[in-house]
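Data block for structure01.pdb (PDB, C-alpha atoms):
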ATOM      1  CA  MET A1029     130.105  37.841  99.653  1.00  0.00           C
ATOM      2  CA  LEU A1030     127.595  39.631  97.485  1.00  0.00           C
ATOM      3  CA  THR A1031     128.427  43.337  97.121  1.00  0.00           C
ATOM      4  CA  THR A1032     126.027  46.277  96.988  1.00  0.00           C
ATOM      5  CA  GLU A1033     126.936  46.829  93.345  1.00  0.00           C
ATOM      6  CA  GLU A1034     126.228  43.185  92.507  1.00  0.00           C
ATOM      7  CA  LEU A1035     122.955  43.219  94.427  1.00  0.00           C
ATOM      8  CA  SER A1036     121.909  46.293  92.485  1.00  0.00           C
ATOM      9  CA  GLY A1037     122.936  44.718  89.185  1.00  0.00           C
ATOM     10  CA  ILE A1038     120.954  41.569  89.961  1.00  0.00           C
ATOM     11  CA  VAL A1039     117.861  43.615  90.737  1.00  0.00           C
ATOM     12  CA  GLU A1040     118.286  45.657  87.550  1.00  0.00           C
ATOM     13  CA  VAL A1041     118.327  42.442  85.500  1.00  0.00           C
ATOM     14  CA  MET A1042     115.449  40.755  87.316  1.00  0.00           C
ATOM     15  CA  VAL A1043     113.372  43.991  87.586  1.00  0.00           C
ATOM     16  CA  VAL A1044     111.477  42.888  90.730  1.00  0.00           C
ATOM     17  CA  VAL A1045     113.159  40.694  93.330  1.00  0.00           C
ATOM     18  CA  SER A1046     111.948  39.234  96.610  1.00  0.00           C
ATOM     19  CA  GLU A1047     114.082  38.940  99.715  1.00  0.00           C
ATOM     20  CA  ASP A1048     113.929  35.135  99.356  1.00  0.00           C
ATOM     21  CA  GLU A1049     115.281  35.384  95.808  1.00  0.00           C
ATOM     22  CA  ILE A1050     118.126  37.613  97.000  1.00  0.00           C
ATOM     23  CA  ILE A1051     119.011  34.988  99.599  1.00  0.00           C
ATOM     24  CA  ASP A1052     118.850  32.165  97.034  1.00  0.00           C
ATOM     25  CA  ILE A1053     120.984  34.077  94.550  1.00  0.00           C
ATOM     26  CA  ALA A1054     123.548  35.066  97.194  1.00  0.00           C
ATOM     27  CA  GLN A1055     123.825  31.431  98.308  1.00  0.00           C
ATOM     28  CA  GLU A1056     124.244  30.192  94.732  1.00  0.00           C
ATOM     29  CA  LEU A1057     126.794  32.920  94.047  1.00  0.00           C
ATOM     30  CA  ALA A1058     128.785  31.906  97.131  1.00  0.00           C
ATOM     31  CA  TYR A1059     128.673  28.265  96.029  1.00  0.00           C
ATOM     32  CA  LEU A1060     129.892  29.091  92.516  1.00  0.00           C
ATOM     33  CA  ARG A1061     132.689  31.238  93.940  1.00  0.00           C
ATOM     34  CA  ASP A1062     133.681  28.687  96.596  1.00  0.00           C
ATOM     35  CA  ASP A1063     132.896  31.280  99.278  1.00  0.00           C
ATOM     36  CA  GLU A1064     131.213  30.775 102.612  1.00  0.00           C
ATOM     37  CA  THR A1065     127.426  30.714 102.560  1.00  0.00           C
ATOM     38  CA  PRO A1066     126.326  34.254 103.451  1.00  0.00           C
ATOM     39  CA  ASP A1067     124.786  34.819 106.845  1.00  0.00           C
ATOM     40  CA  LEU A1068     121.136  35.919 106.657  1.00  0.00           C
ATOM     41  CA  GLU A1069     121.871  38.854 108.961  1.00  0.00           C
ATOM     42  CA  ASP A1070     124.686  40.020 106.643  1.00  0.00           C
ATOM     43  CA  LEU A1071     122.329  39.856 103.662  1.00  0.00           C
ATOM     44  CA  SER A1072     119.687  41.771 105.597  1.00  0.00           C
ATOM     45  CA  GLN A1073     122.254  44.461 106.410  1.00  0.00           C
ATOM     46  CA  LEU A1074     123.321  44.579 102.759  1.00  0.00           C
ATOM     47  CA  ILE A1075     119.708  45.114 101.662  1.00  0.00           C
ATOM     48  CA  THR A1076     119.250  47.808 104.317  1.00  0.00           C
ATOM     49  CA  LEU A1077     122.418  49.588 103.172  1.00  0.00           C
ATOM     50  CA  ALA A1078     121.321  49.405  99.525  1.00  0.00           C
ATOM     51  CA  MET A1079     117.972  50.968 100.448  1.00  0.00           C
ATOM     52  CA  LYS A1080     119.638  53.661 102.556  1.00  0.00           C
ATOM     53  CA  ILE A1081     121.794  54.760  99.618  1.00  0.00           C
ATOM     54  CA  HIS A1082     118.812  54.370  97.239  1.00  0.00           C
ATOM     55  CA  TRP A1083     120.315  51.593  95.150  1.00  0.00           C
ATOM     56  CA  LEU A1084     117.240  49.525  96.023  1.00  0.00           C
ATOM     57  CA  GLU A1085     113.682  50.673  96.566  1.00  0.00           C
ATOM     58  CA  PRO A1086     111.108  48.564  98.340  1.00  0.00           C
ATOM     59  CA  ILE A1087     107.771  48.160  96.574  1.00  0.00           C
ATOM     60  CA  PRO A1088     104.531  46.533  97.700  1.00  0.00           C
ATOM     61  CA  SER A1089     103.371  43.345  96.023  1.00  0.00           C
ATOM     62  CA  THR A1090     100.327  45.302  94.800  1.00  0.00           C
ATOM     63  CA  ALA A1091     102.659  47.197  92.446  1.00  0.00           C
ATOM     64  CA  VAL A1092     103.670  44.025  90.592  1.00  0.00           C
ATOM     65  CA  PHE A1093     101.770  43.179  87.397  1.00  0.00           C
ATOM     66  CA  ASN A1094     102.964  39.759  86.324  1.00  0.00           C
ATOM     67  CA  SER A1095     101.648  36.543  87.771  1.00  0.00           C
ATOM     68  CA  ASN A1096     105.148  35.005  87.488  1.00  0.00           C
ATOM     69  CA  SER A1097     106.612  37.710  89.704  1.00  0.00           C
ATOM     70  CA  PRO A1098     107.478  36.807  93.275  1.00  0.00           C
ATOM     71  CA  GLN A1099     104.699  37.114  95.816  1.00  0.00           C
ATOM     72  CA  SER A1100     106.314  38.364  98.977  1.00  0.00           C
ATOM     73  CA  SER A1101     105.766  41.072 101.516  1.00  0.00           C
ATOM     74  CA  MET A1102     109.165  42.572 100.674  1.00  0.00           C
ATOM     75  CA  LEU A1103     109.950  43.197  97.036  1.00  0.00           C
ATOM     76  CA  TYR A1104     112.666  45.408  95.616  1.00  0.00           C
ATOM     77  CA  ILE A1105     113.420  47.279  92.418  1.00  0.00           C
ATOM     78  CA  ALA A1106     116.578  49.125  91.405  1.00  0.00           C
ATOM     79  CA  GLY A1107     116.523  52.591  92.941  1.00  0.00           C
ATOM     80  CA  PRO A1108     117.302  56.016  91.512  1.00  0.00           C
ATOM     81  CA  ALA A1109     120.953  55.957  92.607  1.00  0.00           C
ATOM     82  CA  SER A1110     121.592  52.403  91.407  1.00  0.00           C
ATOM     83  CA  PHE A1111     124.803  51.735  89.532  1.00  0.00           C
ATOM     84  CA  GLY A1112     124.849  47.981  89.507  1.00  0.00           C
ATOM     85  CA  THR A1113     127.341  45.447  88.304  1.00  0.00           C
ATOM     86  CA  VAL A1114     125.923  42.191  87.035  1.00  0.00           C
ATOM     87  CA  PRO A1115     127.879  39.218  88.398  1.00  0.00           C
ATOM     88  CA  PRO A1116     129.127  37.047  85.524  1.00  0.00           C
ATOM     89  CA  GLU A1117     127.636  33.993  87.258  1.00  0.00           C
ATOM     90  CA  LEU A1118     124.100  35.432  87.198  1.00  0.00           C
ATOM     91  CA  SER A1119     122.966  33.762  83.971  1.00  0.00           C
ATOM     92  CA  GLU A1120     123.907  30.358  85.354  1.00  0.00           C
ATOM     93  CA  ILE A1121     122.182  31.158  88.655  1.00  0.00           C
ATOM     94  CA  MET A1122     119.032  32.311  86.857  1.00  0.00           C
ATOM     95  CA  ASP A1123     118.883  28.916  85.126  1.00  0.00           C
ATOM     96  CA  THR A1124     119.352  27.169  88.466  1.00  0.00           C
ATOM     97  CA  ILE A1125     116.558  29.101  90.200  1.00  0.00           C
ATOM     98  CA  GLU A1126     114.394  28.768  87.066  1.00  0.00           C
ATOM     99  CA  PHE A1127     113.914  32.506  86.583  1.00  0.00           C
ATOM    100  CA  GLU A1128     111.075  33.128  84.122  1.00  0.00           C
ATOM    101  CA  GLY A1129     111.602  36.840  83.444  1.00  0.00           C
ATOM    102  CA  CYS A1130     109.055  39.312  82.051  1.00  0.00           C
ATOM    103  CA  ARG A1131     108.495  41.088  85.350  1.00  0.00           C
ATOM    104  CA  SER A1132     106.975  44.525  85.513  1.00  0.00           C
ATOM    105  CA  PHE A1133     105.484  46.871  88.059  1.00  0.00           C
ATOM    106  CA  ASP A1134     103.225  49.895  88.299  1.00  0.00           C
ATOM    107  CA  TRP A1135     105.248  53.108  88.530  1.00  0.00           C
ATOM    108  CA  ASP A1136     102.187  54.952  89.881  1.00  0.00           C
ATOM    109  CA  VAL A1137     102.116  52.704  92.957  1.00  0.00           C
ATOM    110  CA  VAL A1138     105.852  53.238  93.461  1.00  0.00           C
ATOM    111  CA  THR A1139     105.410  57.010  93.149  1.00  0.00           C
ATOM    112  CA  SER A1140     102.459  57.015  95.544  1.00  0.00           C
ATOM    113  CA  ASN A1141     104.678  55.341  98.140  1.00  0.00           C
ATOM    114  CA  ILE A1142     107.602  57.714  97.656  1.00  0.00           C
ATOM    115  CA  ILE A1143     105.753  61.057  97.657  1.00  0.00           C
ATOM    116  CA  PRO A1144     104.427  60.772 101.253  1.00  0.00           C
ATOM    117  CA  ASP A1145     107.909  59.914 102.528  1.00  0.00           C
ATOM    118  CA  ILE A1146     109.486  62.877 100.732  1.00  0.00           C
ATOM    119  CA  SER A1147     106.637  65.118 101.952  1.00  0.00           C
ATOM    120  CA  ARG A1148     107.255  64.055 105.573  1.00  0.00           C
ATOM    121  CA  ARG A1149     110.933  64.858 105.158  1.00  0.00           C
ATOM    122  CA  LEU A1150     110.000  68.236 103.691  1.00  0.00           C
ATOM    123  CA  ASP A1151     107.672  68.935 106.637  1.00  0.00           C
ATOM    124  CA  ARG A1152     110.509  68.130 109.033  1.00  0.00           C
ATOM    125  CA  LEU A1153     112.919  70.322 107.074  1.00  0.00           C
ATOM    126  CA  GLU A1154     110.447  73.228 107.041  1.00  0.00           C
ATOM    127  CA  ALA A1155     110.143  72.928 110.823  1.00  0.00           C
ATOM    128  CA  LEU A1156     113.932  72.928 111.151  1.00  0.00           C
ATOM    129  CA  VAL A1157     114.169  76.042 108.986  1.00  0.00           C
ATOM    130  CA  GLU A1158     111.744  77.881 111.240  1.00  0.00           C
ATOM    131  CA  ASP A1159     113.660  76.790 114.354  1.00  0.00           C
ATOM    132  CA  THR A1160     117.310  77.158 113.393  1.00  0.00           C
ATOM    133  CA  ALA A1161     118.440  76.770 117.015  1.00  0.00           C
ATOM    134  CA  ASP A1162     120.414  73.690 115.935  1.00  0.00           C
ATOM    135  CA  GLY A1163     122.386  75.910 113.606  1.00  0.00           C
ATOM    136  CA  ILE A1164     121.961  76.897 109.996  1.00  0.00           C
ATOM    137  CA  GLU A1165     124.703  74.459 108.932  1.00  0.00           C
ATOM    138  CA  LYS A1166     122.646  71.442 110.044  1.00  0.00           C
ATOM    139  CA  VAL A1167     119.587  72.773 108.232  1.00  0.00           C
ATOM    140  CA  GLU A1168     121.611  73.445 105.076  1.00  0.00           C
ATOM    141  CA  THR A1169     123.051  69.924 105.207  1.00  0.00           C
ATOM    142  CA  GLU A1170     119.570  68.397 105.512  1.00  0.00           C
ATOM    143  CA  TYR A1171     118.318  70.645 102.714  1.00  0.00           C
ATOM    144  CA  SER A1172     121.201  69.598 100.471  1.00  0.00           C
ATOM    145  CA  GLU A1173     120.583  65.894 101.128  1.00  0.00           C
ATOM    146  CA  LEU A1174     116.862  66.226 100.446  1.00  0.00           C
ATOM    147  CA  PHE A1175     117.491  68.371  97.358  1.00  0.00           C
ATOM    148  CA  ASN A1176     119.831  65.724  95.904  1.00  0.00           C
ATOM    149  CA  LEU A1177     117.368  62.963  96.740  1.00  0.00           C
ATOM    150  CA  TYR A1178     114.577  64.948  95.091  1.00  0.00           C
ATOM    151  CA  TYR A1179     116.535  65.249  91.859  1.00  0.00           C
ATOM    152  CA  ASP A1180     117.387  61.530  91.881  1.00  0.00           C
ATOM    153  CA  TYR A1181     113.727  60.595  92.304  1.00  0.00           C
ATOM    154  CA  ASP A1182     112.409  63.313  89.992  1.00  0.00           C
ATOM    155  CA  PHE A1183     114.655  62.056  87.187  1.00  0.00           C
ATOM    156  CA  TRP A1184     113.998  58.374  87.968  1.00  0.00           C
ATOM    157  CA  LEU A1185     110.211  58.371  88.322  1.00  0.00           C
ATOM    158  CA  PRO A1186     108.378  58.630  84.982  1.00  0.00           C
ATOM    159  CA  GLY A1187     106.038  61.339  86.291  1.00  0.00           C
ATOM    160  CA  GLY A1188     108.613  62.988  88.516  1.00  0.00           C
ATOM    161  CA  LEU A1189     107.678  64.342  91.934  1.00  0.00           C
ATOM    162  CA  PRO A1190     104.967  66.939  91.347  1.00  0.00           C
ATOM    163  CA  GLY A1191     104.764  69.707  93.927  1.00  0.00           C
ATOM    164  CA  ILE A1192     107.984  68.815  95.706  1.00  0.00           C
ATOM    165  CA  GLY A1193     110.260  71.087  93.671  1.00  0.00           C
ATOM    166  CA  GLY A1194     108.241  74.186  94.556  1.00  0.00           C
ATOM    167  CA  ARG A1195     108.436  73.407  98.258  1.00  0.00           C
ATOM    168  CA  LEU A1196     112.193  72.945  97.995  1.00  0.00           C
ATOM    169  CA  GLU A1197     112.501  76.303  96.227  1.00  0.00           C
ATOM    170  CA  ASP A1198     110.532  77.943  99.074  1.00  0.00           C
ATOM    171  CA  ILE A1199     112.856  76.369 101.639  1.00  0.00           C
ATOM    172  CA  SER A1200     115.891  77.516  99.670  1.00  0.00           C
ATOM    173  CA  GLN A1201     114.558  81.056  99.601  1.00  0.00           C
ATOM    174  CA  ARG A1202     113.849  80.973 103.347  1.00  0.00           C
ATOM    175  CA  LEU A1203     117.385  79.696 104.061  1.00  0.00           C
ATOM    176  CA  LYS A1204     118.799  82.516 101.949  1.00  0.00           C
ATOM    177  CA  GLU A1205     116.745  85.080 103.917  1.00  0.00           C
ATOM    178  CA  ILE A1206     117.957  83.625 107.242  1.00  0.00           C
ATOM    179  CA  LYS A1207     121.595  83.778 106.145  1.00  0.00           C
ATOM    180  CA  GLU A1208     121.225  87.350 104.923  1.00  0.00           C
ATOM    181  CA  ALA A1209     119.649  88.360 108.233  1.00  0.00           C
ATOM    182  CA  ASP A1210     122.642  87.029 110.196  1.00  0.00           C
TER     183      ASP A1210
END
Starting from the file, lay out its structure as structure tokens.
Amino acid sequence: MLTTEELSGIVEVMVVVSEDEIIDIAQELAYLRDDETPDLEDLSQLITLAMKIHWLEPIPSTAVFNSNSPQSSMLYIAGPASFGTVPPELSEIMDTIEFEGCRSFDWDVVTSNIIPDISRRLDRLEALVEDTADGIEKVETEYSELFNLYYDYDFWLPGGLPGIGGRLEDISQRLKEIKEAD
């Protein structure tokens, strides 16, 4: 079965990958390894897991430049936490699926999709900070997760995440004030 690391490595090599291509590659990989053909639900769960841990990032087809790139409603690129391993069979598979290469995408479109999501998470975190009835530990955990995610994205995106760092600093200061008041 295709692993998360291999999925990430495949996406790193191919730059932009559709869900259909992931399925085709996973099936070819299973064939070459004399494994069982992967279940579509298992592959869907693998993709979902890879997105959850930010090894894959979904992008809209409008972000893709090249005409030879896949046209699909669900496209993926390697995410900010991606540490992929390229399966040794990939070059043979790429010949089989007639991969043409030279894929690229618009980082500005990717950024414009990520910033609203991070902003929503910040809004939620700010509300949690103001209502610490659930306990400061839960708020600190959410802050830590969002802080780490911010740094992953800020490093990964060419233009970073403007405005987000300042909001995180404000939340950090507010958390410090709450802890000192207790």
### Summary
For Tyr1059 (chain A), the closest of A:Ile1164, A:Leu1103, A:Ile1142, A:Met1029 counting only C-alpha atoms is A:Met1029
### Task
Taking the file above as input, evaluate the PyMOL selection byres ((chain A and resi 1049) around 12) and report the hits as a PyMOL selection string.
chain A and resi 1035+1038-1039+1042+1044-1048+1050-1057+1071+1097-1100+1102-1104+1121-1122+1124-1127
Within 10 Å of region 1158-1160 of chain A using all atoms listed in the file, minus same-chain residues under 3 positions, as a PDB file with C-alpha atoms, in the frame of the given file:
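Generated output (around-v1.pdb):
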ATOM      1  CA  LEU A1153     112.919  70.322 107.074  1.00  0.00           C
ATOM      2  CA  GLU A1154     110.447  73.228 107.041  1.00  0.00           C
ATOM      3  CA  ALA A1155     110.143  72.928 110.823  1.00  0.00           C
ATOM      4  CA  GLY A1163     122.386  75.910 113.606  1.00  0.00           C
ATOM      5  CA  ILE A1164     121.961  76.897 109.996  1.00  0.00           C
ATOM      6  CA  GLU A1165     124.703  74.459 108.932  1.00  0.00           C
ATOM      7  CA  LYS A1166     122.646  71.442 110.044  1.00  0.00           C
ATOM      8  CA  VAL A1167     119.587  72.773 108.232  1.00  0.00           C
ATOM      9  CA  ILE A1199     112.856  76.369 101.639  1.00  0.00           C
ATOM     10  CA  ARG A1202     113.849  80.973 103.347  1.00  0.00           C
ATOM     11  CA  LEU A1203     117.385  79.696 104.061  1.00  0.00           C
ATOM     12  CA  ILE A1206     117.957  83.625 107.242  1.00  0.00           C
TER      13      ILE A1206
END
Spatial neighbours of Lys1080 (chain A), 12 Å, only C-alpha atoms, chain gap at least 2 places, as a PDB file with C-alpha atoms, in the coordinates of the input:
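Okay, out-v7.pdb is ready:
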ATOM      1  CA  THR A1032     126.027  46.277  96.988  1.00  0.00           C
ATOM      2  CA  GLN A1073     122.254  44.461 106.410  1.00  0.00           C
ATOM      3  CA  LEU A1074     123.321  44.579 102.759  1.00  0.00           C
ATOM      4  CA  ILE A1075     119.708  45.114 101.662  1.00  0.00           C
ATOM      5  CA  THR A1076     119.250  47.808 104.317  1.00  0.00           C
ATOM      6  CA  LEU A1077     122.418  49.588 103.172  1.00  0.00           C
ATOM      7  CA  ALA A1078     121.321  49.405  99.525  1.00  0.00           C
ATOM      8  CA  HIS A1082     118.812  54.370  97.239  1.00  0.00           C
ATOM      9  CA  TRP A1083     120.315  51.593  95.150  1.00  0.00           C
ATOM     10  CA  LEU A1084     117.240  49.525  96.023  1.00  0.00           C
ATOM     11  CA  GLU A1085     113.682  50.673  96.566  1.00  0.00           C
ATOM     12  CA  PRO A1086     111.108  48.564  98.340  1.00  0.00           C
ATOM     13  CA  GLY A1107     116.523  52.591  92.941  1.00  0.00           C
ATOM     14  CA  PRO A1108     117.302  56.016  91.512  1.00  0.00           C
ATOM     15  CA  ALA A1109     120.953  55.957  92.607  1.00  0.00           C
ATOM     16  CA  SER A1110     121.592  52.403  91.407  1.00  0.00           C
ATOM     17  CA  LEU A1177     117.368  62.963  96.740  1.00  0.00           C
TER      18      LEU A1177
END
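For the pair CA of Ala1058 (chain A) and CA of Glu1117 (chain A), the separation is 10.2 Å.
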#### Entry: Residues returned when the PyMOL selection byres ((chain A and resi 1176) around 12) runs on this file, as an NGL selection string
:A and (1081-1082 or 1108-1109 or 1146 or 1169-1175 or 1177-1183 or 1193 or 1196)
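Closest approach to Gly1187 (chain A) from the set A:Cys1130, A:Leu1150, A:Val1157, A:Asp1136 is made by A:Asp1136, with distances taken over all atoms listed in the file.
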### Task
Counting only C-alpha atoms, figure out which residue out of A:Met1079, A:Val1043, A:Leu1060, A:Leu1156 gets nearest to Glu1120 (chain A).
A:Leu1060
### Query
At what distance in Å, to one decimal, does CA of Val1092 (chain A) lie from CA of Pro1186 (chain A)?
16.3 Å
### Task
Given the file shown, enumerate the residues that the PyMOL selection byres ((chain A and resi 1091) around 7) captures and present them as a PyMOL selection string.
chain A and resi 1087-1090+1092-1093+1133-1134+1137-1138
Based on the selection just made, write C-alpha atoms of those residues as a compact mmCIF listing (two decimals), keeping the file's coordinate frame.
# COMPACT_ATOMS: atom_id res chain seq x y z
CA ILE A 1087 107.77 48.16 96.57
CA PRO A 1088 104.53 46.53 97.70
CA SER A 1089 103.37 43.34 96.02
CA THR A 1090 100.33 45.30 94.80
CA VAL A 1092 103.67 44.02 90.59
CA PHE A 1093 101.77 43.18 87.40
CA PHE A 1133 105.48 46.87 88.06
CA ASP A 1134 103.22 49.90 88.30
CA VAL A 1137 102.12 52.70 92.96
CA VAL A 1138 105.85 53.24 93.46
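The coordinates place CA of Leu1118 (chain A) at 9.6 Å from CA of Glu1034 (chain A).
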